[in-house]
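Asks: Contents of structure-v9.txt (compact mmCIF, C-alpha atoms):
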```txt
# COMPACT_ATOMS: atom_id res chain seq x y z
CA MET R 26 -25.61 -25.53 -4.30
CA PRO R 27 -22.25 -24.49 -5.80
CA ALA R 28 -21.65 -20.75 -6.08
CA ASP R 29 -21.54 -19.21 -9.53
CA GLY R 30 -17.92 -18.25 -9.37
CA VAL R 31 -14.57 -18.52 -7.67
CA LYS R 32 -12.96 -16.49 -4.93
CA GLY R 33 -13.53 -12.84 -5.76
CA ASN R 34 -16.47 -13.79 -7.99
CA ASN R 35 -14.81 -12.31 -11.05
CA ILE R 36 -15.05 -15.40 -13.25
CA THR R 37 -18.44 -17.11 -13.55
CA LYS R 38 -18.98 -20.74 -14.47
CA SER R 39 -19.57 -19.61 -18.04
CA GLY R 40 -16.13 -18.00 -18.07
CA ASN R 41 -17.37 -14.41 -18.36
CA LYS R 42 -15.84 -11.64 -16.28
CA MET R 43 -18.29 -9.84 -14.01
CA TYR R 44 -16.06 -6.78 -13.76
CA SER R 45 -12.62 -5.65 -14.89
CA LEU R 46 -9.73 -3.98 -13.10
CA ASP R 47 -7.71 -1.21 -14.74
CA LEU R 48 -4.17 -0.26 -13.77
CA GLN R 49 -3.99 3.48 -13.17
CA GLU R 50 -1.01 5.74 -12.53
CA VAL R 51 -1.85 8.48 -10.04
CA LYS R 52 -0.04 11.28 -8.25
CA LEU R 53 0.37 10.77 -4.52
CA HIS R 54 0.02 13.47 -1.86
CA ASP R 55 1.19 13.30 1.73
CA PRO R 56 -1.67 14.76 3.83
CA ARG R 57 0.81 16.18 6.34
CA PHE R 58 1.75 18.79 3.74
CA LEU R 59 -1.70 19.77 2.51
CA GLU R 60 -3.34 23.03 3.54
CA GLU R 61 -6.58 21.40 4.67
CA GLU R 62 -6.46 19.04 7.67
CA LEU R 63 -8.26 15.72 7.53
CA ASN R 64 -11.11 15.44 10.05
CA PHE R 65 -12.86 12.11 10.47
CA SER R 66 -16.21 13.52 11.56
CA SER R 67 -16.51 15.61 8.39
CA CYS R 68 -14.84 13.41 5.74
CA GLY R 69 -14.41 9.91 7.21
CA LEU R 70 -10.60 9.90 7.10
CA ALA R 71 -7.91 10.88 9.59
CA PHE R 72 -4.49 9.84 10.82
CA ALA R 73 -2.80 10.11 14.19
CA ASN R 74 0.40 9.43 16.05
CA HIS R 75 -0.73 6.76 18.49
CA PRO R 76 1.94 4.22 19.57
CA THR R 77 0.75 0.84 20.78
CA SER R 78 2.04 -1.00 23.84
CA VAL R 79 1.87 -4.30 21.91
CA GLU R 80 4.17 -3.17 19.08
CA LYS R 81 6.89 -5.70 19.99
CA ILE R 82 4.35 -8.51 20.15
CA PHE R 83 3.14 -7.65 16.64
CA ALA R 84 6.74 -7.45 15.37
CA ASN R 85 7.53 -10.90 16.73
CA TYR R 86 4.62 -12.62 15.02
CA PRO R 87 5.71 -15.01 12.23
CA ILE R 88 5.21 -13.87 8.64
CA SER R 89 2.61 -16.61 8.25
CA LYS R 90 0.29 -15.09 10.86
CA GLU R 91 -2.77 -13.57 9.16
CA LYS R 92 -5.01 -12.39 12.00
CA LEU R 93 -5.36 -12.03 15.74
CA ASP R 94 -6.91 -15.19 17.14
CA ALA R 95 -9.66 -14.75 19.73
CA ASP R 96 -8.18 -17.52 21.88
CA GLN R 97 -4.42 -17.56 21.28
CA ASP R 98 -4.10 -13.76 21.18
CA SER R 99 -6.88 -12.86 23.61
CA GLN R 100 -4.75 -10.70 25.92
CA THR R 101 -3.04 -8.85 23.07
CA LYS R 102 -6.38 -8.35 21.34
CA GLU R 103 -7.96 -6.97 24.50
CA VAL R 104 -5.13 -4.50 25.07
CA TYR R 105 -5.02 -3.37 21.45
CA GLU R 106 -8.77 -2.91 21.17
CA ARG R 107 -8.77 -0.84 24.35
CA GLU R 108 -6.10 1.39 22.82
CA LEU R 109 -8.12 1.72 19.61
CA VAL R 110 -11.21 2.77 21.54
CA GLU R 111 -9.18 5.55 23.17
CA LEU R 112 -7.85 6.56 19.76
CA LEU R 113 -11.34 6.76 18.25
CA LYS R 114 -12.57 8.77 21.24
CA SER R 115 -9.85 11.32 20.58
CA LYS R 116 -10.48 11.61 16.83
CA ILE R 117 -14.27 11.26 16.45
CA ASP R 118 -16.35 14.08 17.88
CA ASN R 119 -19.55 12.13 18.61
CA PHE R 120 -18.01 8.76 19.52
CA GLU R 121 -19.99 6.74 22.07
CA ASP R 122 -18.82 3.12 22.02
CA ALA R 123 -17.01 0.58 19.87
CA VAL R 124 -16.64 -3.17 19.47
CA GLY R 125 -13.56 -4.61 17.75
CA PHE R 126 -14.24 -7.65 15.59
CA TYR R 127 -11.45 -8.38 13.12
CA HIS R 128 -7.72 -7.76 12.97
CA SER R 129 -6.01 -8.83 9.74
CA ILE R 130 -2.24 -8.97 9.28
CA ARG R 131 -0.69 -8.58 5.84
CA SER R 132 2.84 -8.90 4.53
CA ASP R 133 4.55 -8.61 1.17
CA LEU R 134 6.20 -11.92 2.09
CA ASN R 135 2.98 -13.84 2.77
CA PRO R 136 1.38 -14.95 -0.51
CA THR R 137 -1.90 -15.87 1.21
CA SER R 138 -2.25 -12.54 3.02
CA SER R 139 -0.39 -10.01 0.90
CA PRO R 140 -1.35 -6.35 0.36
CA LEU R 141 -4.42 -5.86 -1.84
CA PHE R 142 -3.71 -3.90 -5.00
CA HIS R 143 -7.27 -3.05 -5.98
CA VAL R 144 -9.29 -0.07 -4.87
CA HIS R 145 -12.23 -1.02 -2.68
CA GLY R 146 -14.37 -0.35 0.33
CA ASP R 147 -15.18 -3.08 2.83
CA TYR R 148 -18.93 -2.73 3.37
CA THR R 149 -22.18 -1.68 1.76
CA ALA R 150 -25.38 -0.97 3.74
CA THR R 151 -26.43 -4.60 3.27
CA SER R 152 -23.14 -6.28 4.16
CA ALA R 153 -22.54 -3.91 7.11
CA LYS R 154 -25.95 -4.67 8.61
CA ASN R 155 -25.42 -8.40 8.12
CA ARG R 156 -22.02 -8.22 9.79
CA MET R 157 -23.34 -6.19 12.72
CA MET R 158 -26.24 -8.60 13.31
CA PHE R 159 -23.91 -11.60 13.11
CA LEU R 160 -21.51 -10.08 15.65
CA LEU R 161 -24.00 -8.67 18.14
CA LYS R 162 -26.68 -11.38 17.81
CA GLU R 163 -29.43 -10.71 20.38
CA LYS R 164 -27.95 -7.27 21.14
CA ALA R 165 -28.30 -6.20 17.50
CA ASP R 166 -31.81 -4.82 18.10
CA ASP R 167 -30.25 -2.08 20.23
CA TRP R 168 -28.39 -0.88 17.12
CA LEU R 169 -31.23 -1.20 14.60
CA GLY R 170 -33.51 1.62 15.69
CA GLU R 171 -34.09 4.48 13.25
CA ASP R 172 -32.62 6.94 15.74
CA VAL R 173 -29.44 4.88 16.31
CA HIS R 174 -26.33 6.15 14.52
CA TRP R 175 -23.67 3.49 13.97
CA GLY R 176 -21.00 2.52 11.50
CA ILE R 177 -17.89 0.48 10.77
CA VAL R 178 -14.50 2.17 11.12
CA ASN R 179 -11.14 0.67 10.21
CA THR R 180 -7.71 1.47 11.57
CA TRP R 181 -4.41 0.56 9.90
CA ARG R 182 -0.80 0.69 11.03
CA PRO R 183 2.57 -0.69 9.90
CA ILE R 184 4.26 -3.40 11.92
CA GLU R 185 7.94 -3.41 12.92
CA ASN R 186 9.37 -0.98 10.34
CA PRO R 187 8.41 2.22 8.51
CA VAL R 188 6.67 1.50 5.23
CA GLU R 189 9.13 1.34 2.34
CA LYS R 190 6.96 -0.44 -0.24
CA SER R 191 3.26 -1.24 -0.85
CA PRO R 192 1.90 1.60 1.35
CA LEU R 193 -1.82 1.94 1.93
CA GLY R 194 -3.33 4.74 -0.12
CA PHE R 195 -6.71 6.47 0.06
CA VAL R 196 -8.83 8.53 -2.25
CA ASP R 197 -9.28 11.94 -0.61
CA PRO R 198 -12.99 11.91 0.36
CA SER R 199 -13.33 15.57 -0.68
CA THR R 200 -12.69 14.47 -4.29
CA LEU R 201 -15.28 11.66 -4.23
CA SER R 202 -18.91 11.55 -5.26
CA SER R 203 -21.42 8.79 -4.60
CA GLU R 204 -21.46 8.02 -8.35
CA ASP R 205 -17.81 6.94 -8.10
CA LEU R 206 -18.74 3.89 -6.01
CA LEU R 207 -20.34 0.73 -7.41
CA THR R 208 -21.36 -2.48 -5.64
CA VAL R 209 -19.46 -5.67 -6.47
CA SER R 210 -20.79 -9.05 -5.37
CA TYR R 211 -18.38 -11.64 -3.95
CA ILE R 212 -18.93 -15.38 -3.67
CA TYR R 213 -16.19 -17.47 -2.09
CA PRO R 214 -15.74 -20.84 -0.36
CA ASP R 215 -16.74 -20.97 3.30
CA GLU R 216 -13.56 -21.74 5.24
CA GLY R 217 -13.55 -25.28 6.56
CA LYS R 218 -16.90 -26.23 5.01
CA ALA R 219 -16.73 -28.30 1.85
CA ASP R 220 -19.07 -27.24 -0.96
CA GLU R 221 -20.45 -24.33 1.07
CA TYR R 222 -20.08 -20.71 0.03
CA GLN R 223 -20.42 -17.25 1.48
CA HIS R 224 -21.88 -14.31 -0.36
CA THR R 225 -21.17 -10.70 0.39
CA GLU R 226 -20.73 -7.41 -1.41
CA HIS R 227 -18.26 -4.54 -1.37
CA PRO R 228 -18.05 -1.03 -2.83
CA ALA R 229 -15.71 -0.70 -5.80
CA LEU R 230 -14.31 2.51 -7.26
CA VAL R 231 -14.71 3.86 -10.77
CA HIS R 232 -11.55 5.80 -11.65
CA ASN R 233 -11.90 9.55 -12.05
CA ASP R 234 -9.02 11.89 -12.91
CA SER R 235 -10.29 14.32 -10.28
CA HIS R 236 -9.56 11.88 -7.46
CA ARG R 237 -6.69 12.92 -5.20
CA TRP R 238 -4.70 10.07 -3.68
CA LEU R 239 -3.22 10.28 -0.17
CA VAL R 240 -0.29 8.30 1.24
CA LEU R 241 1.76 8.87 4.39
CA ASP R 242 5.32 8.70 3.14
CA LYS R 243 7.48 6.24 5.13
CA MET R 244 4.67 5.80 7.65
CA GLU R 245 5.98 4.76 11.07
CA PRO R 246 4.50 1.94 13.22
CA SER R 247 3.54 4.60 15.77
CA MET R 248 1.14 6.14 13.24
CA VAL R 249 -2.42 5.00 12.49
CA TRP R 250 -4.89 5.62 9.69
CA ILE R 251 -8.58 5.86 10.67
CA PHE R 252 -11.09 5.47 7.86
CA ASN R 253 -14.83 5.08 7.54
CA GLN R 254 -16.21 1.96 5.85
CA TYR R 255 -19.93 2.35 6.57
CA ASP R 256 -22.16 4.88 8.30
CA THR R 257 -25.95 4.83 8.79
CA ARG R 258 -26.08 8.62 8.38
CA GLY R 259 -24.32 8.56 5.02
CA LEU R 260 -20.70 9.46 5.77
CA ILE R 261 -18.97 8.23 2.64
CA THR R 262 -17.06 4.95 2.48
CA VAL R 263 -13.38 5.76 1.93
CA PRO R 264 -11.86 3.69 -0.92
CA HIS R 265 -8.38 2.36 -0.28
CA SER R 266 -5.73 0.14 -1.82
CA ALA R 267 -2.11 -0.84 -1.53
CA VAL R 268 -0.05 1.31 -3.89
CA GLU R 269 2.99 0.38 -5.94
CA ILE R 270 5.31 3.39 -5.87
CA VAL R 271 7.28 4.06 -9.05
CA GLY R 272 10.99 4.05 -8.25
CA THR R 273 10.77 1.91 -5.10
CA ARG R 274 14.24 0.57 -4.27
CA GLU R 275 14.79 -3.10 -5.00
CA ASP R 276 16.11 -3.59 -1.46
CA ALA R 277 13.13 -1.85 0.19
CA ARG R 278 11.93 -3.72 3.26
CA PRO R 279 8.70 -5.70 2.77
CA ARG R 280 5.58 -4.18 4.26
CA ARG R 281 3.88 -5.71 7.28
CA SER R 282 0.69 -4.21 8.66
CA ILE R 283 -2.36 -4.79 10.83
CA GLU R 284 -5.82 -3.54 9.90
CA SER R 285 -8.61 -3.55 12.49
CA ARG R 286 -12.35 -3.25 12.03
CA MET R 287 -14.53 -1.67 14.68
CA LEU R 288 -18.30 -1.43 15.07
CA VAL R 289 -18.86 2.13 16.29
CA LYS R 290 -21.92 3.66 17.91
CA TYR R 291 -22.28 7.45 17.83
CA LYS R 292 -23.99 9.80 20.29
CA ASP R 293 -26.36 11.38 17.77
```
If you took the structure in this file and wrote it as structure tokens, what would it be?
Replies:
Amino acid sequence: MPADGVKGNNITKSGNKMYSLDLQEVKLHDPRFLEEELNFSSCGLAFANHPTSVEKIFANYPISKEKLDADQDSQTKEVYERELVELLKSKIDNFEDAVGFYHSIRSDLNPTSSPLFHVHGDYTATSAKNRMMFLLKEKADDWLGEDVHWGIVNTWRPIENPVEKSPLGFVDPSTLSSEDLLTVSYIYPDEGKADEYQHTEHPALVHNDSHRWLVLDKMEPSMVWIFNQYDTRGLITVPHSAVEIVGTREDARPRRSIESRMLVKYKD
């Protein structure tokens, strides 16, 4: 049965928009110069200096590459995920274990995998549970108990060069409330399957003038953002988006980046 919409599910078959996007101008703050330090365990957002041993491999990927392939990039993926586990151990107080499951590569020069300029979260309670069950299959029952604390955590870093345009920005979680987040449904074609569609949902942000936006200015490839996207104990989903900086030089180098998603189990 055809889905009632197109990719992004913003235009229905009747031609009506299901939601609208507003362009907002916001002031950006570099968290390195704020009085309060970001702590993942309390707010769901942190950053770290954490170089990767596969930096040159990432930098040599063609612009057309959009993700790490489980087969072609198996060794690189294994090394990088091991590094990310060590990073999460160092930044999350009650970290127990993690499973990496998706690594997306974006570039200003790749029209099919360019930076996303709309504020969003990646998972709701429903879509996170569905993703976890799909990934873990028969092992999912070990994560579904009422006393099991788990979540989905993303990491993000630049590739090859410091970020000069289209940086990733975040709403400071301390300026968020649960009422700021709405659920948006997505229906899109299932890759490689004609006339078949996938349905999922994501959190979307309602703009509020009290939101404080955070960006690491000229973020280096050795630096990593860590941000919560779902948590069974209610740690807030951190909205994020690529940001167009007013006054960016015309000759600024295009952004390349890799974002990784990790299923995380916590000790409590």
Asks: Mind listing whatever residues come within 12 Å of the point (-11.4, 15.4, 9.1)? Use only C-alpha atoms, file coordinates, and give them as an MDAnalysis selection string.
Replies: chainID R and resid 56 61:73 116:118 197:199 250:253 260
Asks: Residues of the last selection are to be written out with C-alpha atoms, as an mmCIF file, in the frame of the given file.
Replies:
```cif
data_model
loop_
_atom_site.group_PDB
_atom_site.id
_atom_site.type_symbol
_atom_site.label_atom_id
_atom_site.label_comp_id
_atom_site.auth_asym_id
_atom_site.auth_seq_id
_atom_site.Cartn_x
_atom_site.Cartn_y
_atom_site.Cartn_z
ATOM 1 C CA PRO R 56 -1.670 14.760 3.830
ATOM 2 C CA GLU R 61 -6.580 21.400 4.670
ATOM 3 C CA GLU R 62 -6.460 19.040 7.670
ATOM 4 C CA LEU R 63 -8.260 15.720 7.530
ATOM 5 C CA ASN R 64 -11.110 15.440 10.050
ATOM 6 C CA PHE R 65 -12.860 12.110 10.470
ATOM 7 C CA SER R 66 -16.210 13.520 11.560
ATOM 8 C CA SER R 67 -16.510 15.610 8.390
ATOM 9 C CA CYS R 68 -14.840 13.410 5.740
ATOM 10 C CA GLY R 69 -14.410 9.910 7.210
ATOM 11 C CA LEU R 70 -10.600 9.900 7.100
ATOM 12 C CA ALA R 71 -7.910 10.880 9.590
ATOM 13 C CA PHE R 72 -4.490 9.840 10.820
ATOM 14 C CA ALA R 73 -2.800 10.110 14.190
ATOM 15 C CA LYS R 116 -10.480 11.610 16.830
ATOM 16 C CA ILE R 117 -14.270 11.260 16.450
ATOM 17 C CA ASP R 118 -16.350 14.080 17.880
ATOM 18 C CA ASP R 197 -9.280 11.940 -0.610
ATOM 19 C CA PRO R 198 -12.990 11.910 0.360
ATOM 20 C CA SER R 199 -13.330 15.570 -0.680
ATOM 21 C CA TRP R 250 -4.890 5.620 9.690
ATOM 22 C CA ILE R 251 -8.580 5.860 10.670
ATOM 23 C CA PHE R 252 -11.090 5.470 7.860
ATOM 24 C CA ASN R 253 -14.830 5.080 7.540
ATOM 25 C CA LEU R 260 -20.700 9.460 5.770
#
```
Asks: Give the answer as one residue: which of R:Leu207, R:Ile184, R:Leu59, R:Ala123 has the shortest atom-to-atom distance to Leu161 of chain R, using all atoms listed in the file?
Replies: R:Ala123
Asks: Just want the 6 Å neighbourhood of segment 130-147 of chain R, counted on only C-alpha atoms, with same-chain residues fewer than 3 positions away dropped. Output as a PyMOL selection string.
Replies: chain R and resi 91-92+227-229+254+264-267+279-283
Asks: So that I can check the surroundings of Ala84 of chain R, please list as a count of residues only every protein, DNA and RNA residue that reaches within 9 Å of it, counting only C-alpha atoms and ignoring chain neighbours fewer than 3 positions away.
Replies: 8
Asks: Which one is closest to Glu106 of chain R: R:Arg156, R:Arg286, R:Arg278, R:Lys243? Count all atoms listed in the file.
Replies: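 So, comparing all the options, the nearest one is R:Arg286.
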Asks: Any idea what the distance is between atom CA of Asp276 of chain R and atom CA of Val188 of chain R?
Replies: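 Going from atom CA of Asp276 of chain R over to atom CA of Val188 of chain R covers 12.6 Å.
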Asks: Go through R:Trp181, R:Tyr255, R:Tyr211, R:Phe58 and flag the residue nearest Leu288 of chain R, using all atoms listed in the file for the distances.
Replies: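 The shortest atom-to-atom distance to Leu288 of chain R comes from R:Tyr255.
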Asks: Could you state the separation of atom CA of Phe83 of chain R and atom CA of Phe159 of chain R in Å, given to one decimal place?
Replies: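 According to the coordinates, atom CA of Phe83 of chain R and atom CA of Phe159 of chain R are separated by 27.6 Å.
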Asks: Calculate how many Å separate atom CA of Glu226 of chain R from atom CA of Val209 of chain R, rounding to one decimal.
Replies: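 For atom CA of Glu226 of chain R relative to atom CA of Val209 of chain R, the distance reads 5.5 Å.
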Asks: Taking (-14.1, 0.6, 14.0) in the file's own coordinates, collect the residues within 7 Å, counting all atoms listed in the file, and hand them back as a ChimeraX atom specification.
Replies: /R:123,125,177-180,286-289
Asks: The centre and edge lengths of an axis-aligned box containing all atoms of segment 93-112 of chain R present in the file, extended by 3 Å on each side, are to be given in Å to one decimal, as JSON.
Replies:
```
{"center_x": -7.1, "center_y": -5.5, "center_z": 20.8, "size_x": 14.2, "size_y": 30.1, "size_z": 16.2}
```
Asks: With only C-alpha atoms as the counted atoms, please give the residues lying no more than 6 Å from His128 of chain R, apart from itself and same-chain residues fewer than 6 positions off, as a short mmCIF file (atom, residue, chain, number, x, y, z; two decimals) with C-alpha atoms, in the frame of the given file.
Replies:
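Dumped to out21.cif:
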```cif
data_model
loop_
_atom_site.label_atom_id
_atom_site.label_comp_id
_atom_site.auth_asym_id
_atom_site.auth_seq_id
_atom_site.Cartn_x
_atom_site.Cartn_y
_atom_site.Cartn_z
CA LYS R 92 -5.01 -12.39 12.00
CA LEU R 93 -5.36 -12.03 15.74
CA GLU R 284 -5.82 -3.54 9.90
CA SER R 285 -8.61 -3.55 12.49
#
```
Asks: I'd like to know which of R:Leu169, R:Arg274, R:Ser191, R:Val263 is closest to Asp205 of chain R, using only C-alpha atoms.
Replies: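 Answer, going by the shortest atom-to-atom distance: R:Val263.
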Asks: If we count all atoms listed in the file and set the cut-off at 9 Å, which residues sit around Tyr291 of chain R, ignoring sequence neighbours fewer than 3 positions away in its own chain? Please answer as a PDB file with C-alpha atoms, in the frame of the given file.
Replies:
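To be explicit, this is the file written out as around.pdb:
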```
ATOM      1  CA  ILE R 117     -14.270  11.260  16.450  1.00  0.00           C
ATOM      2  CA  ASP R 118     -16.350  14.080  17.880  1.00  0.00           C
ATOM      3  CA  ASN R 119     -19.550  12.130  18.610  1.00  0.00           C
ATOM      4  CA  PHE R 120     -18.010   8.760  19.520  1.00  0.00           C
ATOM      5  CA  GLU R 121     -19.990   6.740  22.070  1.00  0.00           C
ATOM      6  CA  ASP R 122     -18.820   3.120  22.020  1.00  0.00           C
ATOM      7  CA  ALA R 123     -17.010   0.580  19.870  1.00  0.00           C
ATOM      8  CA  VAL R 173     -29.440   4.880  16.310  1.00  0.00           C
ATOM      9  CA  HIS R 174     -26.330   6.150  14.520  1.00  0.00           C
ATOM     10  CA  TRP R 175     -23.670   3.490  13.970  1.00  0.00           C
ATOM     11  CA  GLY R 176     -21.000   2.520  11.500  1.00  0.00           C
TER      12      GLY R 176
END
```
